[in-house]
$ cat coords-v9.txt   # compact mmCIF, C-alpha atoms
# COMPACT_ATOMS: atom_id res chain seq x y z
CA MET A 1 0.00 0.00 0.00
CA SER A 2 2.80 2.46 0.80
CA GLY A 3 4.06 2.13 -2.79
CA ILE A 4 0.83 3.79 -3.90
CA PHE A 5 1.99 7.12 -2.48
CA ASP A 6 5.00 7.47 -4.76
CA GLU A 7 5.18 9.91 -7.70
CA THR A 8 7.49 7.63 -9.68
CA ASN A 9 5.02 4.73 -9.40
CA MET A 10 2.18 7.11 -10.30
CA MET A 11 3.89 8.38 -13.46
CA ARG A 12 4.73 4.79 -14.45
CA ALA A 13 1.07 3.75 -13.98
CA LEU A 14 -0.34 6.69 -15.99
CA LYS A 15 2.13 6.43 -18.89
CA PRO A 16 0.51 3.51 -20.78
CA TYR A 17 -2.75 5.48 -21.06
CA LEU A 18 -1.23 8.71 -22.37
CA PRO A 19 -1.94 9.47 -26.02
CA GLU A 20 1.12 9.77 -28.22
CA GLY A 21 2.87 13.11 -27.83
CA GLU A 22 1.25 13.88 -24.43
CA SER A 23 2.98 14.00 -21.07
CA THR A 24 1.58 14.27 -17.57
CA LYS A 25 1.80 17.81 -16.21
CA ALA A 26 0.06 17.07 -12.89
CA GLY A 27 -0.93 13.84 -11.17
CA ILE A 28 -2.17 12.78 -7.74
CA HIS A 29 -3.44 9.81 -5.78
CA ALA A 30 -7.23 9.99 -5.53
CA CYS A 31 -10.14 7.73 -4.63
CA ALA A 32 -12.77 6.66 -7.14
CA ASN A 33 -16.00 6.14 -5.21
CA GLU A 34 -18.15 5.34 -8.23
CA SER A 35 -17.67 4.86 -11.96
CA HIS A 36 -19.97 4.03 -14.87
CA ILE A 37 -18.42 3.56 -18.30
CA ARG A 38 -20.26 2.57 -21.49
CA ARG A 39 -18.95 1.59 -24.90
CA ILE A 40 -20.26 0.16 -28.16
CA PHE A 41 -17.90 -1.83 -30.38
CA SER A 42 -18.38 -3.18 -33.88
CA GLY A 43 -16.41 -5.72 -35.92
CA GLY A 44 -14.98 -7.72 -33.06
CA ILE A 45 -15.59 -10.80 -30.99
CA LEU A 46 -15.22 -10.97 -27.23
CA VAL A 47 -12.64 -13.42 -25.88
CA GLY A 48 -12.47 -13.17 -22.11
CA ASN A 49 -12.17 -9.43 -21.44
CA THR A 50 -10.59 -8.64 -24.80
CA LEU A 51 -12.18 -7.70 -28.12
CA ILE A 52 -10.46 -9.22 -31.12
CA PRO A 53 -11.09 -7.98 -34.69
CA SER A 54 -13.22 -10.38 -36.72
CA GLU A 55 -15.31 -10.16 -39.87
CA LYS A 56 -17.86 -12.31 -38.02
CA GLY A 57 -18.00 -9.84 -35.14
CA GLY A 58 -21.18 -7.91 -34.56
CA MET A 59 -22.14 -5.10 -32.24
CA VAL A 60 -20.91 -5.47 -28.64
CA ARG A 61 -22.40 -3.12 -26.03
CA VAL A 62 -20.48 -3.04 -22.76
CA SER A 63 -21.18 -1.30 -19.46
CA ARG A 64 -18.44 -1.29 -16.81
CA SER A 65 -19.34 -0.08 -13.31
CA LYS A 66 -17.91 0.14 -9.83
CA VAL A 67 -19.69 1.53 -6.78
CA SER A 68 -17.08 0.93 -4.11
CA THR A 69 -13.98 2.96 -3.31
CA CYS A 70 -10.70 2.16 -5.02
CA ASP A 71 -7.37 3.98 -5.19
CA ILE A 72 -6.53 5.60 -8.51
CA TYR A 73 -3.99 7.95 -9.99
CA LEU A 74 -5.55 10.99 -11.63
CA GLY A 75 -3.47 12.98 -14.08
CA ILE A 76 -3.86 15.74 -16.63
CA THR A 77 -1.94 16.67 -19.74
CA ASP A 78 -2.44 19.73 -21.90
CA HIS A 79 -5.42 18.04 -23.58
CA TYR A 80 -6.38 14.92 -21.60
CA LEU A 81 -7.63 13.60 -18.27
CA VAL A 82 -6.00 10.24 -17.47
CA MET A 83 -6.88 7.68 -14.77
CA ALA A 84 -5.11 4.49 -13.72
CA GLU A 85 -5.93 2.12 -10.90
CA CYS A 86 -3.26 1.88 -8.20
CA GLU A 87 -4.04 -1.81 -7.69
CA GLU A 88 -6.14 -4.24 -9.67
CA CYS A 89 -9.84 -3.76 -8.89
CA LYS A 90 -12.91 -5.76 -9.75
CA HIS A 91 -15.63 -4.13 -11.86
CA PHE A 92 -19.13 -5.17 -12.81
CA TYR A 93 -19.39 -5.81 -16.56
CA GLU A 94 -22.72 -5.98 -18.33
CA TYR A 95 -22.78 -7.14 -21.93
CA ASP A 96 -25.51 -6.32 -24.45
CA ALA A 97 -26.35 -3.38 -22.20
CA ASP A 98 -29.03 -0.94 -23.32
CA ILE A 99 -26.78 1.80 -24.71
CA ASP A 100 -27.97 4.36 -27.26
CA PRO A 101 -25.58 4.63 -30.25
CA ARG A 102 -26.76 8.23 -30.74
CA VAL A 103 -25.10 9.08 -27.38
CA VAL A 104 -22.18 6.65 -27.28
CA PRO A 105 -20.23 6.50 -30.54
CA VAL A 106 -19.53 3.09 -32.08
CA THR A 107 -15.86 2.13 -32.05
CA GLU A 108 -14.68 -0.12 -34.87
CA VAL A 109 -12.38 -2.91 -33.63
CA HIS A 110 -9.19 -2.86 -35.75
CA SER A 111 -6.82 -4.26 -33.12
CA GLU A 112 -7.16 -6.01 -29.78
CA ILE A 113 -8.96 -3.88 -27.18
CA SER A 114 -8.87 -4.74 -23.49
CA LEU A 115 -12.14 -3.86 -21.75
CA ASP A 116 -10.10 -3.25 -18.60
CA GLU A 117 -8.73 -0.10 -20.25
CA MET A 118 -12.13 1.48 -20.84
CA GLY A 119 -12.46 4.83 -19.08
CA THR A 120 -8.76 5.53 -18.62
CA CYS A 121 -8.29 8.53 -20.93
CA TYR A 122 -10.58 11.38 -22.01
CA ARG A 123 -9.99 14.56 -23.93
CA LEU A 124 -10.65 17.50 -21.61
CA ASP A 125 -13.21 18.81 -24.11
CA GLU A 126 -15.15 15.51 -23.66
CA ILE A 127 -16.10 16.56 -20.12
CA ARG A 128 -19.70 17.76 -20.19
CA HIS A 129 -20.03 18.68 -16.52
CA CYS A 130 -17.77 18.83 -13.49
CA GLU A 131 -19.07 19.52 -10.00
CA ILE A 132 -16.50 20.28 -7.31
CA LYS A 133 -17.39 20.51 -3.61
CA LYS A 134 -15.51 20.69 -0.35
CA GLY A 135 -15.25 17.34 1.40
CA TRP A 136 -14.32 16.07 4.80
CA MET A 137 -10.89 16.88 6.34
CA GLY A 138 -9.85 19.20 3.51
CA SER A 139 -10.64 16.76 0.71
CA VAL A 140 -12.41 17.78 -2.48
CA LYS A 141 -15.30 15.83 -3.98
CA CYS A 142 -15.45 15.81 -7.77
CA SER A 143 -18.27 14.45 -9.95
CA LEU A 144 -17.43 14.18 -13.64
CA THR A 145 -19.92 13.52 -16.42
CA MET A 146 -18.56 12.98 -19.92
CA LYS A 147 -20.37 13.85 -23.14
CA ASN A 148 -20.85 10.13 -23.86
CA GLY A 149 -22.55 9.63 -20.47
CA ASP A 150 -19.60 8.12 -18.58
CA PHE A 151 -19.66 9.18 -14.94
CA PHE A 152 -17.07 9.30 -12.14
CA ARG A 153 -17.42 10.30 -8.49
CA LEU A 154 -13.95 11.03 -7.13
CA MET A 155 -12.42 12.22 -3.88
CA LEU A 156 -9.19 14.21 -4.06
CA PRO A 157 -7.50 14.01 -0.63
CA LYS A 158 -5.84 17.02 0.95
CA LEU A 159 -2.59 15.14 1.54
CA GLY A 160 -0.63 12.76 -0.67
CA GLY A 161 -0.21 10.02 1.92
CA LEU A 162 2.26 9.59 4.75
CA GLY A 163 5.94 10.08 4.11
CA LYS A 164 7.42 12.16 1.34
CA GLY A 165 6.59 9.98 -1.68
CA MET A 166 4.35 12.61 -3.29
CA PRO A 167 6.05 15.96 -2.58
CA HIS A 168 4.09 17.83 -5.29
CA HIS A 169 0.63 16.58 -4.24
CA THR A 170 -0.76 19.97 -3.12
CA GLN A 171 0.52 21.80 -6.20
CA TYR A 172 -0.70 19.09 -8.59
CA ARG A 173 -4.08 18.81 -6.85
CA ASP A 174 -4.59 22.56 -7.20
CA GLU A 175 -3.67 22.36 -10.92
CA ILE A 176 -6.09 19.48 -11.51
CA ILE A 177 -8.93 21.25 -9.64
CA ALA A 178 -8.30 24.46 -11.63
CA CYS A 179 -8.27 22.52 -14.91
CA LEU A 180 -11.51 20.66 -14.10
CA SER A 181 -13.17 23.82 -12.73
CA ALA A 182 -12.46 25.58 -16.04
CA VAL A 183 -14.62 23.01 -17.84
CA ASN A 184 -17.81 24.61 -16.51
CA THR A 185 -16.90 28.22 -17.37

$ encode --input "coords-v9.txt" --output "structure tokens"
Amino acid sequence: MSGIFDETNMMRALKPYLPEGESTKAGIHACANESHIRRIFSGGILVGNTLIPSEKGGMVRVSRSKVSTCDIYLGITDHYLVMAECEECKHFYEYDADIDPRVVPVTEVHSEISLDEMGTCYRLDEIRHCEIKKGWMGSVKCSLTMKNGDFFRLMLPKLGGLGKGMPHHTQYRDEIIACLSAVNT
């Protein structure tokens, strides 16, 4: 658990989800209290938790949810919001979910896609609404709703854990809050 509160580990965890050419300018440890992610895929078949391209593949509608607290790293780049789990978490997957393709765009499967990576990276301009409130003990509660309907309820703690593993936590948290607050202006 103590390895969670380490900026080097955080940057390493966020890196695989960064789009090409982007770099993390601020990142913190946070808690995800709730998440609901929805996707529609076409042209692939589901093998385990991975979509594989196939001419025989049809439409796959997937909903991925979690309504219990888990530790995440939350980072921003110049154009993206990036999230990575600190430790492996279990999620509830629902297949053939009732998802409207007019709201959630259909993604064509051209290469393998892991469903575990759904909801890890969003363009900042994909955020439809962000509500920020003061929380308990100096924390900040943040509810994010994306244009495609994905939803996250996060808690950004005041401190970056015990020890000195996250020396820039306060600065980075303020940068992230300012970035997300600007979405609603």

$ closest_atom_pairs --input "coords-v9.txt" --of "region 139-158 of chain A" --to "region 21-41 of chain A" --cutoff "9 Å" --atoms "all atoms listed in the file" --output "tab-separated table"
residue	atom	partner	partner_atom	distance
A:Asn148	CA	A:Arg38	CA	7.9
A:Gly149	CA	A:Arg38	CA	7.5
A:Asp150	CA	A:Ile37	CA	4.7
A:Phe151	CA	A:His36	CA	5.2
A:Phe152	CA	A:Ser35	CA	4.5
A:Arg153	CA	A:Glu34	CA	5.0
A:Leu154	CA	A:Ala32	CA	4.5
A:Met155	CA	A:Cys31	CA	5.1
A:Leu156	CA	A:Ala30	CA	4.9
A:Pro157	CA	A:Ala30	CA	6.3

$ closest_residue --input "coords-v9.txt" --among "A:Arg12, A:Arg102, A:Lys158, A:Arg123" --to "Thr77 (chain A)" --atoms "only C-alpha atoms"
A:Arg123

$ closest_residue --input "coords-v9.txt" --among "A:Glu108, A:Asp78, A:Asp116, A:Glu55" --to "Leu18 (chain A)" --atoms "all atoms listed in the file"
A:Asp78

$ residues_around --input "coords-v9.txt" --residues "Leu124 (chain A)" --least-positions-apart "4" --cutoff "8 Å" --atoms "only C-alpha atoms" --output "PDB file with C-alpha atoms, in the coordinates of the input"
ATOM      1  CA  HIS A  79      -5.420  18.040 -23.580  1.00  0.00           C
ATOM      2  CA  TYR A  80      -6.380  14.920 -21.600  1.00  0.00           C
ATOM      3  CA  LEU A  81      -7.630  13.600 -18.270  1.00  0.00           C
ATOM      4  CA  VAL A 183     -14.620  23.010 -17.840  1.00  0.00           C
TER       5      VAL A 183
END

$ closest_atom_pairs --input "coords-v9.txt" --of "region 89-124 of chain A" --to "region 56-59 of chain A" --cutoff "10 Å" --atoms "only C-alpha atoms" --output "tab-separated table"
residue	atom	partner	partner_atom	distance
A:Asp96	CA	A:Met59	CA	8.6
A:Val106	CA	A:Met59	CA	8.6
A:Thr107	CA	A:Met59	CA	9.6
A:Glu108	CA	A:Met59	CA	9.3
A:Val109	CA	A:Gly57	CA	9.0

$ atom_distance --input "coords-v9.txt" --atom1 "CA of Arg128 (chain A)" --atom2 "CA of Cys86 (chain A)"
25.8 Å

$ closest_residue --input "coords-v9.txt" --among "A:Val103, A:Met146, A:Ile4, A:Leu115" --to "Asp71 (chain A)" --atoms "all atoms listed in the file"
A:Ile4

$ closest_residue --input "coords-v9.txt" --among "A:Thr50, A:Thr170, A:Ser65, A:Ser139" --to "Ile113 (chain A)" --atoms "all atoms listed in the file"
A:Thr50

$ residues_near_point --input "coords-v9.txt" --point "(1.8, 14.5, -3.3)" --cutoff "8 Å" --atoms "all atoms listed in the file" --output "list in words"
Phe5, Asp6, Glu7, Ile28, His29, Leu159, Gly160, Gly161, Lys164, Gly165, Met166, Pro167, His168, His169, Thr170, Gln171 and Tyr172 of chain A

$ closest_residue --input "coords-v9.txt" --among "A:Pro19, A:Gly48, A:Gly138, A:Gly119" --to "Ser63 (chain A)" --atoms "all atoms listed in the file"
A:Gly119

$ atom_distance --input "coords-v9.txt" --atom1 "CA of Ala178 (chain A)" --atom2 "CA of Ala84 (chain A)"
20.3 Å

$ atom_distance --input "coords-v9.txt" --atom1 "CA of His110 (chain A)" --atom2 "CA of Ala13 (chain A)"
25.0 Å

$ closest_residue --input "coords-v9.txt" --among "A:Met83, A:Leu51, A:Cys89, A:Ile132" --to "Lys66 (chain A)" --atoms "only C-alpha atoms"
A:Cys89

$ residues_around --input "coords-v9.txt" --residues "Lys147 (chain A)" --least-positions-apart "6" --cutoff "9 Å" --atoms "only C-alpha atoms" --output "ChimeraX atom specification"
/A:103-104,125-129

$ decode --input "coords-v9.txt" --residues "region 85-134 of chain A" --atoms "N, CA and C atoms" --output "short mmCIF file (atom, residue, chain, number, x, y, z; two decimals), in the first residue's frame"
data_model
loop_
_atom_site.label_atom_id
_atom_site.label_comp_id
_atom_site.auth_asym_id
_atom_site.auth_seq_id
_atom_site.Cartn_x
_atom_site.Cartn_y
_atom_site.Cartn_z
N GLU A 85 -5.73 2.72 -12.21
CA GLU A 85 -5.93 2.12 -10.90
C GLU A 85 -4.58 1.88 -10.24
N CYS A 86 -4.50 2.12 -8.95
CA CYS A 86 -3.26 1.88 -8.20
C CYS A 86 -3.02 0.38 -8.04
N GLU A 87 -4.09 -0.35 -7.82
CA GLU A 87 -4.04 -1.81 -7.69
C GLU A 87 -5.19 -2.37 -8.50
N GLU A 88 -5.09 -3.63 -8.88
CA GLU A 88 -6.14 -4.24 -9.67
C GLU A 88 -7.45 -4.27 -8.89
N CYS A 89 -8.51 -3.81 -9.53
CA CYS A 89 -9.84 -3.76 -8.89
C CYS A 89 -10.82 -4.58 -9.71
N LYS A 90 -11.84 -5.04 -9.07
CA LYS A 90 -12.91 -5.76 -9.75
C LYS A 90 -14.00 -4.77 -10.16
N HIS A 91 -14.55 -4.97 -11.35
CA HIS A 91 -15.63 -4.13 -11.86
C HIS A 91 -16.79 -5.03 -12.28
N PHE A 92 -17.97 -4.46 -12.33
CA PHE A 92 -19.13 -5.17 -12.81
C PHE A 92 -19.27 -4.89 -14.31
N TYR A 93 -19.23 -5.95 -15.11
CA TYR A 93 -19.39 -5.81 -16.56
C TYR A 93 -20.77 -6.33 -16.94
N GLU A 94 -21.44 -5.57 -17.78
CA GLU A 94 -22.72 -5.98 -18.33
C GLU A 94 -22.60 -5.93 -19.84
N TYR A 95 -22.88 -7.05 -20.48
CA TYR A 95 -22.78 -7.14 -21.93
C TYR A 95 -24.17 -7.05 -22.54
N ASP A 96 -24.23 -6.58 -23.77
CA ASP A 96 -25.51 -6.32 -24.45
C ASP A 96 -26.35 -5.36 -23.63
N ALA A 97 -25.68 -4.40 -23.01
CA ALA A 97 -26.35 -3.38 -22.20
C ALA A 97 -27.16 -2.47 -23.11
N ASP A 98 -28.17 -1.86 -22.57
CA ASP A 98 -29.03 -0.94 -23.32
C ASP A 98 -28.32 0.42 -23.42
N ILE A 99 -27.55 0.58 -24.49
CA ILE A 99 -26.78 1.80 -24.71
C ILE A 99 -27.18 2.39 -26.05
N ASP A 100 -27.50 3.66 -26.06
CA ASP A 100 -27.97 4.36 -27.26
C ASP A 100 -26.79 4.76 -28.15
N PRO A 101 -26.69 4.26 -29.37
CA PRO A 101 -25.58 4.63 -30.25
C PRO A 101 -25.61 6.09 -30.71
N ARG A 102 -26.73 6.79 -30.43
CA ARG A 102 -26.76 8.23 -30.74
C ARG A 102 -26.01 9.02 -29.68
N VAL A 103 -25.81 8.43 -28.48
CA VAL A 103 -25.10 9.08 -27.38
C VAL A 103 -23.67 8.58 -27.29
N VAL A 104 -23.50 7.28 -27.37
CA VAL A 104 -22.18 6.65 -27.28
C VAL A 104 -21.74 6.24 -28.67
N PRO A 105 -20.67 6.84 -29.18
CA PRO A 105 -20.23 6.50 -30.54
C PRO A 105 -19.76 5.05 -30.64
N VAL A 106 -19.95 4.47 -31.81
CA VAL A 106 -19.53 3.09 -32.08
C VAL A 106 -18.06 3.10 -32.44
N THR A 107 -17.29 2.26 -31.77
CA THR A 107 -15.86 2.13 -32.05
C THR A 107 -15.63 0.86 -32.87
N GLU A 108 -15.01 1.02 -34.02
CA GLU A 108 -14.68 -0.12 -34.87
C GLU A 108 -13.44 -0.81 -34.29
N VAL A 109 -13.49 -2.13 -34.19
CA VAL A 109 -12.38 -2.91 -33.63
C VAL A 109 -11.41 -3.26 -34.76
N HIS A 110 -10.23 -2.60 -34.75
CA HIS A 110 -9.19 -2.86 -35.75
C HIS A 110 -8.00 -3.60 -35.15
N SER A 111 -7.87 -3.54 -33.84
CA SER A 111 -6.82 -4.26 -33.12
C SER A 111 -7.39 -4.69 -31.78
N GLU A 112 -6.66 -5.54 -31.07
CA GLU A 112 -7.16 -6.01 -29.78
C GLU A 112 -7.43 -4.84 -28.84
N ILE A 113 -8.57 -4.91 -28.14
CA ILE A 113 -8.96 -3.88 -27.18
C ILE A 113 -9.30 -4.57 -25.86
N SER A 114 -8.59 -4.21 -24.81
CA SER A 114 -8.87 -4.74 -23.49
C SER A 114 -9.98 -3.91 -22.85
N LEU A 115 -11.03 -4.57 -22.40
CA LEU A 115 -12.14 -3.86 -21.75
C LEU A 115 -11.70 -3.27 -20.42
N ASP A 116 -10.61 -3.79 -19.86
CA ASP A 116 -10.10 -3.25 -18.60
C ASP A 116 -9.55 -1.84 -18.77
N GLU A 117 -9.27 -1.43 -19.99
CA GLU A 117 -8.73 -0.10 -20.25
C GLU A 117 -9.80 0.93 -20.60
N MET A 118 -11.06 0.52 -20.59
CA MET A 118 -12.13 1.48 -20.84
C MET A 118 -12.15 2.51 -19.73
N GLY A 119 -12.32 3.78 -20.08
CA GLY A 119 -12.46 4.83 -19.08
C GLY A 119 -11.15 5.28 -18.46
N THR A 120 -10.05 5.12 -19.17
CA THR A 120 -8.76 5.53 -18.62
C THR A 120 -8.27 6.87 -19.17
N CYS A 121 -8.79 7.30 -20.30
CA CYS A 121 -8.29 8.53 -20.93
C CYS A 121 -9.42 9.25 -21.67
N TYR A 122 -9.55 10.54 -21.38
CA TYR A 122 -10.58 11.38 -22.01
C TYR A 122 -9.97 12.71 -22.42
N ARG A 123 -10.35 13.20 -23.57
CA ARG A 123 -9.99 14.56 -23.93
C ARG A 123 -10.70 15.49 -22.94
N LEU A 124 -10.04 16.56 -22.54
CA LEU A 124 -10.65 17.50 -21.61
C LEU A 124 -11.94 18.10 -22.18
N ASP A 125 -11.99 18.26 -23.50
CA ASP A 125 -13.21 18.81 -24.11
C ASP A 125 -14.35 17.78 -24.19
N GLU A 126 -14.10 16.52 -23.74
CA GLU A 126 -15.15 15.51 -23.66
C GLU A 126 -15.91 15.59 -22.35
N ILE A 127 -15.42 16.42 -21.41
CA ILE A 127 -16.10 16.56 -20.12
C ILE A 127 -17.29 17.50 -20.31
N ARG A 128 -18.49 16.96 -20.05
CA ARG A 128 -19.70 17.76 -20.19
C ARG A 128 -19.96 18.59 -18.94
N HIS A 129 -19.74 17.98 -17.77
CA HIS A 129 -20.03 18.68 -16.52
C HIS A 129 -19.08 18.21 -15.44
N CYS A 130 -18.63 19.13 -14.63
CA CYS A 130 -17.77 18.83 -13.49
C CYS A 130 -18.29 19.60 -12.28
N GLU A 131 -18.61 18.88 -11.23
CA GLU A 131 -19.07 19.52 -10.00
C GLU A 131 -18.01 19.29 -8.92
N ILE A 132 -17.54 20.36 -8.34
CA ILE A 132 -16.50 20.28 -7.31
C ILE A 132 -17.05 20.87 -6.02
N LYS A 133 -16.91 20.08 -4.92
CA LYS A 133 -17.39 20.51 -3.61
C LYS A 133 -16.33 20.21 -2.57
N LYS A 134 -16.38 20.97 -1.48
CA LYS A 134 -15.51 20.69 -0.35
C LYS A 134 -15.96 19.39 0.30
#
